[in-house]
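With mmCIF, C-alpha atoms (C1' of nucleotides) inside, this is my_file07.cif:
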```
data_input
#
loop_
_atom_site.label_atom_id
_atom_site.label_comp_id
_atom_site.auth_asym_id
_atom_site.auth_seq_id
_atom_site.Cartn_x
_atom_site.Cartn_y
_atom_site.Cartn_z
CA MET A 24 233.82 271.26 -45.83
CA LEU A 25 232.92 267.59 -46.09
CA ALA A 26 234.40 267.15 -49.58
CA THR A 27 237.75 268.37 -48.28
CA LEU A 28 237.75 265.70 -45.59
CA LEU A 29 236.96 262.97 -48.10
CA ARG A 30 239.54 264.17 -50.65
CA ARG A 31 242.25 263.69 -48.04
CA VAL A 32 241.57 259.93 -48.16
CA PRO A 33 243.94 258.59 -50.84
CA TYR A 34 241.92 255.60 -51.99
CA LEU A 35 238.60 257.43 -52.44
CA THR A 36 238.08 258.41 -56.09
CA GLU A 37 236.13 261.44 -57.26
CA ALA A 38 233.40 258.97 -58.24
CA ASP A 39 233.28 257.60 -54.66
CA ILE A 40 233.05 261.11 -53.29
CA ALA A 41 230.37 262.03 -55.81
CA ALA A 42 228.37 258.98 -54.67
CA CYS A 43 228.72 259.94 -51.04
CA LEU A 44 228.12 263.70 -50.93
CA PRO A 45 224.46 263.75 -52.09
CA LEU A 46 223.49 261.46 -49.22
CA TRP A 47 224.15 264.23 -46.69
CA THR A 48 220.74 265.72 -47.28
CA LYS A 49 220.01 267.06 -43.84
CA SER A 50 221.40 270.39 -42.68
CA VAL A 51 221.27 271.51 -39.06
CA THR A 52 222.12 274.84 -37.47
CA LEU A 53 222.30 275.03 -33.69
CA LYS A 54 222.50 278.02 -31.42
CA ARG A 55 224.60 278.02 -28.28
CA ASN A 56 223.16 275.50 -25.75
CA ASP A 57 220.86 273.85 -28.33
CA PHE A 58 220.85 270.05 -28.27
CA LEU A 59 221.64 267.87 -31.26
CA ILE A 60 220.42 264.88 -29.29
CA ARG A 61 219.32 264.29 -25.70
CA ALA A 62 219.71 261.16 -23.63
CA GLY A 63 216.83 258.79 -24.32
CA GLN A 64 216.47 259.70 -27.99
CA VAL A 65 217.63 257.32 -30.73
CA GLU A 66 220.26 258.70 -33.06
CA HIS A 67 219.38 258.03 -36.72
CA HIS A 68 222.05 260.21 -38.29
CA LEU A 69 225.76 260.59 -38.57
CA TYR A 70 226.86 264.22 -38.52
CA PHE A 71 229.66 266.27 -39.97
CA VAL A 72 230.55 269.43 -38.07
CA SER A 73 231.04 272.21 -40.64
CA SER A 74 231.68 274.92 -38.07
CA GLY A 75 231.25 275.59 -34.36
CA ALA A 76 231.87 273.37 -31.37
CA MET A 77 229.95 270.68 -29.54
CA ARG A 78 230.32 268.84 -26.27
CA ILE A 79 229.25 265.26 -25.62
CA TYR A 80 228.27 264.51 -22.06
CA LEU A 81 226.73 261.85 -19.89
CA PRO A 82 223.90 263.21 -17.73
CA ASP A 83 224.80 261.31 -14.58
CA ALA A 84 222.61 261.33 -11.48
CA THR A 85 224.40 264.21 -9.77
CA GLU A 86 226.52 265.80 -12.48
CA GLU A 87 227.17 266.09 -16.20
CA ILE A 88 230.26 264.07 -17.11
CA CYS A 89 231.90 265.37 -20.26
CA VAL A 90 233.20 262.59 -22.51
CA GLY A 91 234.28 264.47 -25.60
CA PHE A 92 234.19 267.44 -27.92
CA ALA A 93 233.68 267.96 -31.64
CA TYR A 94 234.67 270.95 -33.71
CA GLY A 95 236.33 271.97 -36.93
CA THR A 96 235.71 269.38 -39.62
CA SER A 97 234.99 266.14 -37.83
CA LEU A 98 232.36 263.43 -37.82
CA ILE A 99 230.21 263.11 -34.74
CA CYS A 100 227.25 261.19 -33.39
CA SER A 101 226.06 259.36 -30.32
CA PHE A 102 227.93 256.32 -31.54
CA PRO A 103 226.39 253.46 -29.54
CA SER A 104 222.93 254.79 -30.31
CA PHE A 105 223.63 255.20 -34.03
CA VAL A 106 225.29 251.80 -34.42
CA GLU A 107 222.92 249.78 -32.27
CA ASN A 108 219.77 251.75 -33.01
CA ARG A 109 218.94 252.22 -29.34
CA PRO A 110 218.30 255.22 -27.05
CA SER A 111 221.34 257.34 -26.44
CA ASP A 112 222.96 257.57 -23.02
CA TYR A 113 224.55 260.85 -24.07
CA CYS A 114 223.61 264.42 -24.79
CA LEU A 115 225.21 266.36 -27.62
CA GLN A 116 225.01 270.09 -27.05
CA ALA A 117 226.32 273.08 -28.99
CA LEU A 118 228.82 275.29 -27.17
CA LYS A 119 228.37 278.05 -29.73
CA LYS A 120 226.59 278.49 -33.05
CA THR A 121 227.26 275.24 -34.89
CA GLU A 122 226.47 274.05 -38.41
CA LEU A 123 226.22 270.38 -39.31
CA LEU A 124 225.44 268.10 -42.22
CA ALA A 125 223.81 264.73 -41.66
CA VAL A 126 223.40 261.40 -43.42
CA SER A 127 220.75 258.90 -42.34
CA ARG A 128 221.74 255.49 -41.02
CA ALA A 129 219.88 253.76 -43.86
CA ASP A 130 221.66 255.74 -46.58
CA PHE A 131 224.98 255.32 -44.86
CA LEU A 132 224.66 251.56 -44.50
CA ALA A 133 223.57 251.27 -48.12
CA LEU A 134 226.67 253.16 -49.18
CA LEU A 135 228.89 250.85 -47.14
CA ASP A 136 227.33 247.84 -48.84
CA SER A 137 227.52 249.21 -52.37
CA ASN A 138 230.94 250.85 -52.34
CA ALA A 139 233.97 248.84 -51.23
CA ASN A 140 236.26 251.88 -51.15
CA PHE A 141 233.90 253.66 -48.85
CA ALA A 142 233.57 250.56 -46.68
CA ARG A 143 237.36 250.62 -46.38
CA PHE A 144 237.29 254.30 -45.45
CA TRP A 145 234.78 253.61 -42.70
CA ARG A 146 236.77 250.63 -41.43
CA MET A 147 239.91 252.75 -41.15
CA GLU A 148 237.94 255.58 -39.57
CA LEU A 149 236.66 253.12 -36.95
CA GLU A 150 240.20 251.88 -36.34
CA ARG A 151 241.42 255.45 -35.98
CA VAL A 152 238.67 256.33 -33.51
CA LEU A 153 239.30 253.13 -31.57
CA VAL A 154 243.02 253.83 -31.29
CA GLY A 155 242.13 257.31 -30.06
CA ARG A 156 239.80 255.86 -27.45
CA ILE A 157 242.54 253.57 -26.18
CA GLU A 158 244.89 256.55 -25.84
CA ARG A 159 242.15 258.35 -24.00
CA GLU A 160 241.73 255.39 -21.67
CA ILE A 161 245.35 255.74 -20.59
CA ASP A 162 244.65 259.35 -19.69
CA LEU A 163 241.70 258.38 -17.55
CA LEU A 164 243.58 255.66 -15.73
CA LEU A 165 246.43 257.87 -14.58
CA PRO A 166 245.88 258.57 -10.89
CA GLU A 167 247.51 262.00 -10.82
CA PRO A 168 245.40 264.90 -12.12
CA GLU A 169 248.60 266.65 -13.17
CA ARG A 170 249.66 263.89 -15.57
CA ARG A 171 246.18 263.66 -17.04
CA LEU A 172 246.35 267.37 -17.78
CA GLN A 173 249.85 267.12 -19.25
CA ARG A 174 248.76 264.43 -21.69
CA LEU A 175 245.80 266.48 -22.88
CA LEU A 176 247.97 269.58 -23.23
CA ALA A 177 250.42 267.57 -25.32
CA ARG A 178 247.75 266.04 -27.53
CA SER A 179 245.14 268.78 -27.89
CA PRO A 180 246.47 272.13 -26.70
CA HIS A 181 243.99 274.01 -28.90
CA LEU A 182 241.10 272.70 -26.75
CA PHE A 183 242.05 275.17 -24.06
CA GLN A 184 241.36 278.11 -26.38
CA LEU A 185 238.15 276.59 -27.70
CA ILE A 186 236.30 274.97 -24.81
CA PRO A 187 235.29 276.39 -21.40
CA LYS A 188 237.64 275.11 -18.71
CA LYS A 189 234.86 273.64 -16.63
CA TYR A 190 234.05 271.15 -19.38
CA ILE A 191 237.71 270.30 -19.86
CA ALA A 192 237.97 269.70 -16.12
CA SER A 193 235.04 267.28 -16.27
CA TYR A 194 236.65 265.57 -19.29
CA LEU A 195 239.85 265.20 -17.27
CA ARG A 196 238.01 263.74 -14.31
CA MET A 197 238.71 266.61 -11.90
CA THR A 198 236.93 269.68 -10.57
CA PRO A 199 237.34 273.11 -12.19
CA GLU A 200 239.11 274.20 -9.00
CA THR A 201 241.74 271.49 -9.34
CA LEU A 202 242.30 272.31 -13.02
CA SER A 203 242.65 275.99 -12.19
CA ARG A 204 245.20 275.27 -9.49
CA LEU A 205 247.29 273.13 -11.81
CA ARG A 206 247.78 275.95 -14.28
CA MET B 25 237.27 227.10 -31.16
CA LEU B 26 237.70 229.77 -33.83
CA ALA B 27 235.28 228.17 -36.30
CA THR B 28 232.56 228.30 -33.66
CA LEU B 29 233.04 232.05 -33.25
CA LEU B 30 232.82 232.62 -37.01
CA ARG B 31 229.78 230.35 -37.46
CA ARG B 32 227.86 232.57 -35.05
CA VAL B 33 228.09 235.42 -37.59
CA PRO B 34 224.97 235.11 -39.74
CA TYR B 35 226.30 236.60 -42.98
CA LEU B 36 229.51 234.54 -43.14
CA THR B 37 229.09 231.51 -45.42
CA GLU B 38 230.93 228.21 -45.01
CA ALA B 39 233.03 229.33 -47.98
CA ASP B 40 234.00 232.56 -46.16
CA ILE B 41 234.95 230.59 -43.09
CA ALA B 42 236.91 228.09 -45.17
CA ALA B 43 238.83 230.99 -46.71
CA CYS B 44 239.61 232.46 -43.31
CA LEU B 45 240.59 229.50 -41.16
CA PRO B 46 243.77 228.41 -43.01
CA LEU B 47 245.26 231.89 -42.49
CA TRP B 48 245.60 231.26 -38.75
CA THR B 49 248.85 229.41 -39.26
CA LYS B 50 250.62 230.36 -36.06
CA SER B 51 249.94 228.54 -32.83
CA VAL B 52 251.18 229.82 -29.46
CA THR B 53 251.12 228.21 -26.04
CA LEU B 54 252.01 230.35 -23.04
CA LYS B 55 252.74 229.35 -19.48
CA ARG B 56 251.59 231.45 -16.55
CA ASN B 57 253.40 234.81 -16.56
CA ASP B 58 254.74 234.38 -20.12
CA PHE B 59 254.41 237.42 -22.36
CA LEU B 60 252.60 237.43 -25.68
CA ILE B 61 254.03 240.88 -26.35
CA ARG B 62 255.98 243.39 -24.30
CA ALA B 63 255.87 247.17 -24.53
CA GLY B 64 258.20 248.37 -27.27
CA GLN B 65 257.64 245.41 -29.58
CA VAL B 66 255.54 245.75 -32.73
CA GLU B 67 252.53 243.50 -32.93
CA HIS B 68 252.30 241.76 -36.31
CA HIS B 69 249.53 239.31 -35.45
CA LEU B 70 245.95 239.19 -34.40
CA TYR B 71 245.26 236.45 -31.88
CA PHE B 72 242.38 234.20 -30.96
CA VAL B 73 242.35 232.91 -27.39
CA SER B 74 241.45 229.19 -27.52
CA SER B 75 241.82 228.65 -23.80
CA GLY B 76 243.31 230.29 -20.73
CA ALA B 77 243.32 233.93 -19.64
CA MET B 78 245.42 236.99 -20.41
CA ARG B 79 245.77 240.44 -18.95
CA ILE B 80 246.63 243.59 -20.90
CA TYR B 81 248.47 246.23 -18.94
CA LEU B 82 250.29 249.49 -19.35
CA PRO B 83 253.73 249.45 -17.70
CA ASP B 84 253.53 252.92 -16.23
CA ALA B 85 256.49 254.56 -14.51
CA THR B 86 255.53 253.49 -11.01
CA GLU B 87 252.92 250.79 -11.48
CA GLU B 88 251.29 248.39 -13.93
CA ILE B 89 247.89 249.71 -14.95
CA CYS B 90 245.56 246.96 -16.08
CA VAL B 91 243.45 247.94 -19.09
CA GLY B 92 241.76 244.68 -19.98
CA PHE B 93 241.47 240.92 -19.95
CA ALA B 94 240.99 238.23 -22.58
CA TYR B 95 239.78 234.71 -22.07
CA GLY B 96 237.40 232.12 -23.42
CA THR B 97 236.99 232.48 -27.15
CA SER B 98 237.85 236.08 -27.95
CA LEU B 99 240.10 238.01 -30.30
CA ILE B 100 242.98 239.90 -28.77
CA CYS B 101 246.00 241.97 -29.73
CA SER B 102 247.80 245.17 -28.87
CA PHE B 103 245.38 247.01 -31.08
CA PRO B 104 247.12 250.35 -31.73
CA SER B 105 250.36 248.51 -32.47
CA PHE B 106 248.69 246.00 -34.83
CA VAL B 107 246.68 248.62 -36.71
CA GLU B 108 249.33 251.31 -36.97
CA ASN B 109 252.34 249.01 -37.20
CA ARG B 110 254.17 250.75 -34.39
CA PRO B 111 255.72 249.70 -31.06
CA SER B 112 253.18 248.67 -28.47
CA ASP B 113 252.59 250.68 -25.32
CA TYR B 114 251.12 247.58 -23.69
CA CYS B 115 252.19 244.23 -22.37
CA LEU B 116 250.05 241.14 -22.88
CA GLN B 117 250.74 238.49 -20.27
CA ALA B 118 249.26 235.07 -19.58
CA LEU B 119 247.58 234.65 -16.18
CA LYS B 120 247.58 230.87 -16.56
CA LYS B 121 248.43 228.36 -19.27
CA THR B 122 246.96 229.89 -22.42
CA GLU B 123 246.63 228.66 -26.00
CA LEU B 124 246.25 231.01 -28.95
CA LEU B 125 245.97 230.99 -32.72
CA ALA B 126 247.36 233.86 -34.78
CA VAL B 127 246.93 235.41 -38.21
CA SER B 128 249.51 237.80 -39.62
CA ARG B 129 248.59 241.40 -40.41
CA ALA B 130 249.42 240.90 -44.09
CA ASP B 131 247.18 237.85 -44.44
CA PHE B 132 244.42 239.53 -42.48
CA LEU B 133 244.47 242.72 -44.57
CA ALA B 134 244.49 240.64 -47.75
CA LEU B 135 241.41 238.79 -46.53
CA LEU B 136 239.63 242.06 -45.78
CA ASP B 137 240.35 243.29 -49.32
CA SER B 138 239.34 240.08 -51.06
CA ASN B 139 236.23 239.11 -49.08
CA ALA B 140 233.44 241.64 -48.63
CA ASN B 141 231.57 239.49 -46.13
CA PHE B 142 234.64 239.26 -43.97
CA ALA B 143 235.25 243.00 -44.31
CA ARG B 144 231.73 243.46 -43.03
CA PHE B 145 232.39 241.11 -40.12
CA TRP B 146 235.47 243.09 -39.18
CA ARG B 147 233.64 246.38 -39.46
CA MET B 148 230.93 245.19 -37.12
CA GLU B 149 233.51 243.70 -34.78
CA LEU B 150 235.22 247.11 -34.65
CA GLU B 151 231.88 248.80 -33.97
CA ARG B 152 231.15 246.30 -31.21
CA VAL B 153 234.54 246.83 -29.59
CA LEU B 154 234.19 250.59 -29.88
CA VAL B 155 230.78 250.55 -28.22
CA GLY B 156 232.30 248.44 -25.43
CA ARG B 157 235.11 250.96 -25.00
CA ILE B 158 232.62 253.78 -24.68
CA GLU B 159 230.77 251.84 -21.97
CA ARG B 160 234.07 251.24 -20.27
CA GLU B 161 234.83 254.95 -20.43
CA ILE B 162 231.72 255.67 -18.39
CA ASP B 163 232.99 253.29 -15.72
CA LEU B 164 236.31 255.06 -15.52
CA LEU B 165 234.76 258.49 -15.27
CA LEU B 166 232.57 257.68 -12.28
CA PRO B 167 234.17 259.28 -9.24
CA GLU B 168 232.98 256.73 -6.69
CA PRO B 169 234.89 253.44 -6.49
CA GLU B 170 231.72 251.74 -5.37
CA ARG B 171 229.78 252.61 -8.53
CA ARG B 172 232.68 251.57 -10.74
CA LEU B 173 232.66 248.19 -9.01
CA GLN B 174 228.88 247.84 -9.29
CA ARG B 175 228.99 248.41 -13.05
CA LEU B 176 231.67 245.78 -13.52
CA LEU B 177 229.81 243.32 -11.33
CA ALA B 178 226.71 243.90 -13.43
CA ARG B 179 228.50 243.54 -16.75
CA SER B 180 231.16 240.90 -16.10
CA PRO B 181 230.53 239.08 -12.82
CA HIS B 182 232.50 236.04 -14.03
CA LEU B 183 235.72 238.11 -14.01
CA PHE B 184 235.79 237.82 -10.25
CA GLN B 185 236.08 234.05 -10.40
CA LEU B 186 238.66 234.14 -13.19
CA ILE B 187 241.06 237.01 -12.52
CA PRO B 188 243.10 237.83 -9.40
CA LYS B 189 241.48 240.67 -7.49
CA LYS B 190 244.57 242.84 -7.57
CA TYR B 191 244.33 243.09 -11.36
CA ILE B 192 240.62 243.80 -11.20
CA ALA B 193 241.35 246.55 -8.68
CA SER B 194 243.86 248.12 -11.06
CA TYR B 195 241.33 247.80 -13.91
CA LEU B 196 238.79 249.60 -11.71
CA ARG B 197 241.23 252.36 -10.90
CA MET B 198 241.48 251.61 -7.18
CA THR B 199 243.85 249.81 -4.82
CA PRO B 200 243.36 246.14 -3.86
CA GLU B 201 242.64 247.32 -0.31
CA THR B 202 239.78 249.52 -1.46
CA LEU B 203 238.31 246.72 -3.59
CA SER B 204 238.55 244.35 -0.67
CA ARG B 205 236.78 246.77 1.65
CA LEU B 206 233.94 247.26 -0.81
CA ARG B 207 233.06 243.59 -0.83
"C1'" DG C 2 228.92 299.46 -25.63
"C1'" DG C 3 226.78 298.35 -21.52
"C1'" DT C 4 224.90 295.14 -18.37
"C1'" DA C 5 223.96 290.65 -16.63
"C1'" DA C 6 225.26 286.11 -16.58
"C1'" DA C 7 228.58 282.78 -16.84
"C1'" DT C 8 233.08 281.43 -15.89
"C1'" DC C 9 237.46 281.35 -13.60
"C1'" DT C 10 240.41 281.87 -9.59
"C1'" DT C 11 241.78 281.60 -4.81
"C1'" DG C 12 241.20 280.16 -0.02
"C1'" DA C 13 239.82 277.18 4.05
"C1'" DG C 14 238.26 272.90 5.76
"C1'" DG C 15 236.66 268.06 5.48
"C1'" DC C 16 236.46 263.47 3.75
"C1'" DT C 17 237.65 259.71 0.99
"C1'" DA C 18 240.78 256.61 -0.81
"C1'" DA C 19 245.92 255.75 -0.84
"C1'" DT C 20 249.70 254.23 1.79
"C1'" DC C 21 252.03 251.43 5.01
"C1'" DA C 22 252.05 247.32 7.69
"C1'" DA C 23 250.99 242.71 9.39
"C1'" DG C 24 248.45 238.42 9.63
"C1'" DG C 25 245.69 234.92 7.37
"C1'" DT C 26 244.34 232.42 3.25
"C1'" DT C 27 244.68 230.56 -1.21
"C1'" DT C 28 247.20 228.96 -5.02
"C1'" DG C 29 250.98 227.09 -7.85
"C1'" DG C 30 254.61 223.90 -8.65
"C1'" DT C 31 257.19 219.87 -7.50
"C1'" DA D 27 250.34 216.22 -0.55
"C1'" DC D 28 253.60 219.47 0.73
"C1'" DC D 29 255.96 223.81 0.81
"C1'" DA D 30 256.66 228.29 -0.76
"C1'" DA D 31 255.04 232.11 -2.90
"C1'" DA D 32 251.40 234.86 -4.19
"C1'" DC D 33 247.28 236.82 -2.89
"C1'" DC D 34 243.68 238.74 0.08
"C1'" DT D 35 242.04 241.06 4.13
"C1'" DT D 36 242.00 244.22 8.01
"C1'" DG D 37 243.66 248.20 10.69
"C1'" DA D 38 245.88 252.86 11.48
"C1'" DT D 39 247.57 256.83 9.45
"C1'" DT D 40 248.30 260.29 5.82
"C1'" DA D 41 247.84 262.96 1.76
"C1'" DG D 42 245.37 264.85 -1.87
"C1'" DC D 43 241.32 266.11 -4.04
"C1'" DC D 44 236.56 267.74 -3.36
"C1'" DT D 45 233.30 270.81 -1.32
"C1'" DC D 46 231.82 275.17 -0.10
"C1'" DA D 47 232.31 280.04 -0.49
"C1'" DA D 48 233.48 284.60 -2.17
"C1'" DG D 49 235.62 287.69 -5.25
"C1'" DA D 50 237.58 288.72 -9.91
"C1'" DT D 51 237.37 288.24 -14.73
"C1'" DT D 52 235.49 287.13 -19.06
"C1'" DT D 53 231.80 286.42 -22.19
"C1'" DA D 54 227.14 286.71 -24.15
"C1'" DC D 55 223.47 289.28 -25.79
"C1'" DC D 56 220.57 293.19 -26.35
#
```
Have the structure of the file written as structure tokens, please.
Amino acid sequence: MLATLLRRVPYLTEADIAACLPLWTKSVTLKRNDFLIRAGQVEHHLYFVSSGAMRIYLPDATEEICVGFAYGTSLICSFPSFVENRPSDYCLQALKKTELLAVSRADFLALLDSNANFARFWRMELERVLVGRIEREIDLLLPEPERRLQRLLARSPHLFQLIPKKYIASYLRMTPETLSRLR
Amino acid sequence: MLATLLRRVPYLTEADIAACLPLWTKSVTLKRNDFLIRAGQVEHHLYFVSSGAMRIYLPDATEEICVGFAYGTSLICSFPSFVENRPSDYCLQALKKTELLAVSRADFLALLDSNANFARFWRMELERVLVGRIEREIDLLLPEPERRLQRLLARSPHLFQLIPKKYIASYLRMTPETLSRLR
DNA sequence: GGTAAATCTTGAGGCTAATCAAGGTTTGGT
DNA sequence: ACCAAACCTTGATTAGCCTCAAGATTTACC
């Protein structure tokens, strides 16, 4: 539930949350393999995953390179497309039945401008995501597949129950065969 | 010059810039191979590179993995350490004589809280950096060394005049020999 | 619950990039 | 400008991951 996520942020008041919640006017339900966005489309919404699981992948010339997952109660979008209002390089696809709420870019930006507490929340969310990306970069730079796997197991062991191994292998920059052999 | 960087931001007024500049009280000059920060230290400052060039690397067990460069007029710090106030995983080292200005975390956070325009600047700076990281992630995920090199050549050709090839090779997740053979 | 599809595992072989090594070139510091 | 150190290049060899393939297992959907 979105309200639960927001209530965990100490400096957001009930008034801030009450100002935010009504902006999530769009509701989306995806079946397995449905797309939330395809490469080439412009992303105009920021999404909250209520339930289900998604994968984010780059449709490269010869293969689909998996760059991330979303599940549980997290925010998700094709970030460069949403922020820069340009066509997405990525596809976002449901791995199972998935329910999402969405806020439009215009409403979201207006909220950031009108509510300093919420602007602070978004700033800290960006910092948190950026720190996560930097951690992730370390993973990708390690030359040994085994150490890349170890780091993911240490950080996100639940992924292995939730996401098909072939996508995790792609995320870890190795083939499914190599991942299977490492286990 | 720091003022030049800030004046390029359309929504920062001269008053905003005047409020910001005096906070950069610390001045640092590094010789070649000097460290701005070593792994294990906590980063309490955000830096602006006035001149020179720096590399950011991860001192891994067996090798130094290069994760980025800073030069010209850019902001730089060990980001996870600065944001989360914890020991840095990274080393920041000067590649030549380098001059920097610094603002303390406390002063910077106070500025973000007191100046909405500056908070907006920082939010957009974070978004910009995050988009760059996502681009960078694509580079790292490409399996072929040749395509990783092509993307860097397309995006930052000047790096090859500025930075020793061995660090660029590490940044591109390949050995100096492989980089040399690709050219 | 049953069936088909998707996914995972295991094996054999090939290829690419890493390693090791040596010579040539550039760069830094005095 | 000189010398020394750092850096870059090229070659030969090796190791590790990918590719291809087939069988086993799990999962999805009616």
Which centre and which edge lengths, in Å to one decimal, describe the axis-aligned box that holds all listed atoms of range 34-43 of chain D after 5 Å is added on each side, as AutoDock Vina command-line options?
```
--center_x 244.8 --center_y 252.4 --center_z 3.7 --size_x 17.0 --size_y 37.4 --size_z 25.5
```
Per residue of chain C within 12 Å of chain A, what are the shortest atom pair and its distance in Å to one decimal, counting all atoms listed in the file, with rows by chain and residue number, as CSV?
```
residue,atom,partner,partner_atom,distance
C:DA7,C1',A:Pro187,CA,10.3
C:DT8,C1',A:Pro187,CA,7.8
C:DC9,C1',A:Ser203,CA,7.6
C:DT10,C1',A:Ser203,CA,6.8
C:DT11,C1',A:Arg204,CA,8.6
C:DG12,C1',A:Glu200,CA,11.0
C:DA18,C1',A:Pro166,CA,11.5
C:DA19,C1',A:Pro166,CA,10.4
```
Exercise. Name every residue that the PyMOL selection byres ((chain A and resi 160) around 9) selects in this structure, writing the answer as a PyMOL selection string with chains first and numbers rising.
Key: (chain A and resi 155-159+161-165) or (chain B and resi 91+157+160-161+164)
Which residues of chain B have any atom within 6 Å of an atom in chain A when counting all atoms listed in the file, and what is the closest pair of atoms for each, with the distance in Å to one decimal? Order the rows by chain and rising number and write it as a Markdown table.
```
| residue | atom | partner | partner_atom | distance |
| --- | --- | --- | --- | --- |
| B:Pro104 | CA | A:Val154 | CA | 5.4 |
| B:Arg147 | CA | A:Arg146 | CA | 5.6 |
| B:Leu154 | CA | A:Leu153 | CA | 6.0 |
| B:Val155 | CA | A:Pro103 | CA | 5.4 |
```
Counting all atoms listed in the file, find the residues whose atoms lie at most 12 Å from (245.9, 263.6, 3.3) (file coordinates) and write them out as a tab-separated table (two decimals) with C-alpha atoms (C1' of nucleotides), in the coordinates of the input.
```tsv
chain	number	residue	atom	x	y	z
C	15	DG	C1'	236.66	268.06	5.48
C	16	DC	C1'	236.46	263.47	3.75
C	17	DT	C1'	237.65	259.71	0.99
C	18	DA	C1'	240.78	256.61	-0.81
C	19	DA	C1'	245.92	255.75	-0.84
C	20	DT	C1'	249.70	254.23	1.79
D	39	DT	C1'	247.57	256.83	9.45
D	40	DT	C1'	248.30	260.29	5.82
D	41	DA	C1'	247.84	262.96	1.76
D	42	DG	C1'	245.37	264.85	-1.87
D	43	DC	C1'	241.32	266.11	-4.04
```
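Straight-line separation from CA of Leu205 in chain A to CA of Tyr80 in chain A: 23.3 Å.
Of note, CA of Cys43 in chain A and CA of Ala76 in chain A are spaced 24.0 Å apart.
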Exercise. Select, from D:DA27, D:DA54, D:DC33, D:DA38, the residue with the minimum atom-to-atom distance to chain A, counting all atoms listed in the file.
Key: D:DA54
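For the atom pair formed by CA of Gln185 in chain B and CA of Ser74 in chain B, the distance is 18.6 Å, given to one decimal.
Residues matched by the PyMOL selection byres ((chain D) within 12 of (chain B)) in this file: D:DA32, D:DC33, D:DC34, D:DT35, D:DT36, D:DG37, D:DC43, D:DC44.
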Residues as selected, C-alpha atoms (C1' of nucleotides), written as a PDB file, in the frame of the given file, can you do that?
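Contents of the output file out.pdb:
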```pdb
ATOM      1  C1'  DA D  32     251.400 234.860  -4.190  1.00  0.00           C
ATOM      2  C1'  DC D  33     247.280 236.820  -2.890  1.00  0.00           C
ATOM      3  C1'  DC D  34     243.680 238.740   0.080  1.00  0.00           C
ATOM      4  C1'  DT D  35     242.040 241.060   4.130  1.00  0.00           C
ATOM      5  C1'  DT D  36     242.000 244.220   8.010  1.00  0.00           C
ATOM      6  C1'  DG D  37     243.660 248.200  10.690  1.00  0.00           C
ATOM      7  C1'  DC D  43     241.320 266.110  -4.040  1.00  0.00           C
ATOM      8  C1'  DC D  44     236.560 267.740  -3.360  1.00  0.00           C
TER       9       DC D  44
END
```
Practice problem: Find the residues with any atom within 12 Å of (242.4, 271.6, -24.9); use all atoms listed in the file and the coordinates as given in the file, and write the answer as a PyMOL selection string. | Solution: chain A and resi 91-94+171-192+194-195+202
Expected selection from the PyMOL selection byres ((chain B and resi 122) around 8), given as a tab-separated table (two decimals) with C-alpha atoms, in the coordinates of the input:
```
chain	number	residue	atom	x	y	z
B	53	THR	CA	251.12	228.21	-26.04
B	54	LEU	CA	252.01	230.35	-23.04
B	55	LYS	CA	252.74	229.35	-19.48
B	56	ARG	CA	251.59	231.45	-16.55
B	73	VAL	CA	242.35	232.91	-27.39
B	74	SER	CA	241.45	229.19	-27.52
B	75	SER	CA	241.82	228.65	-23.80
B	76	GLY	CA	243.31	230.29	-20.73
B	77	ALA	CA	243.32	233.93	-19.64
B	78	MET	CA	245.42	236.99	-20.41
B	118	ALA	CA	249.26	235.07	-19.58
B	119	LEU	CA	247.58	234.65	-16.18
B	120	LYS	CA	247.58	230.87	-16.56
B	121	LYS	CA	248.43	228.36	-19.27
B	123	GLU	CA	246.63	228.66	-26.00
B	124	LEU	CA	246.25	231.01	-28.95
```
Report as a short mmCIF file (atom, residue, chain, number, x, y, z; two decimals) with C-alpha atoms, in the coordinates of the input all protein, DNA and RNA residues lying within 9 Å of Gly63 in chain A, evaluated on only C-alpha atoms (C1' of nucleotides), omitting residues in the same chain fewer than 4 positions from it.
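Result written to selection.cif:
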```cif
data_model
loop_
_atom_site.label_atom_id
_atom_site.label_comp_id
_atom_site.auth_asym_id
_atom_site.auth_seq_id
_atom_site.Cartn_x
_atom_site.Cartn_y
_atom_site.Cartn_z
CA ARG A 109 218.94 252.22 -29.34
CA PRO A 110 218.30 255.22 -27.05
CA SER A 111 221.34 257.34 -26.44
CA ASP A 112 222.96 257.57 -23.02
CA TYR A 113 224.55 260.85 -24.07
CA CYS A 114 223.61 264.42 -24.79
#
```
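Counting only C-alpha atoms, the residue from B:Ala130, B:Ile80, B:Ala63, B:Cys101 that sits nearest to Leu116 in chain B is B:Ile80.
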Any idea what's packed within 12 Å of DA31 in chain D, counting only C-alpha atoms (C1' of nucleotides), ignoring anything in its chain fewer than 3 positions away? Could you give it as an mmCIF file with C-alpha atoms (C1' of nucleotides), in the coordinates of the input?
```cif
data_model
loop_
_atom_site.group_PDB
_atom_site.id
_atom_site.type_symbol
_atom_site.label_atom_id
_atom_site.label_comp_id
_atom_site.auth_asym_id
_atom_site.auth_seq_id
_atom_site.Cartn_x
_atom_site.Cartn_y
_atom_site.Cartn_z
ATOM 1 C "C1'" DT C 27 244.680 230.560 -1.210
ATOM 2 C "C1'" DT C 28 247.200 228.960 -5.020
ATOM 3 C "C1'" DG C 29 250.980 227.090 -7.850
ATOM 4 C "C1'" DG C 30 254.610 223.900 -8.650
#
```
Quiz item: Skipping near chain neighbours, those fewer than 3 positions away, what residues fall within 12 Å of DA13 in chain C using all atoms listed in the file, listed as a PyMOL selection string?
Solution: chain D and resi 45-48
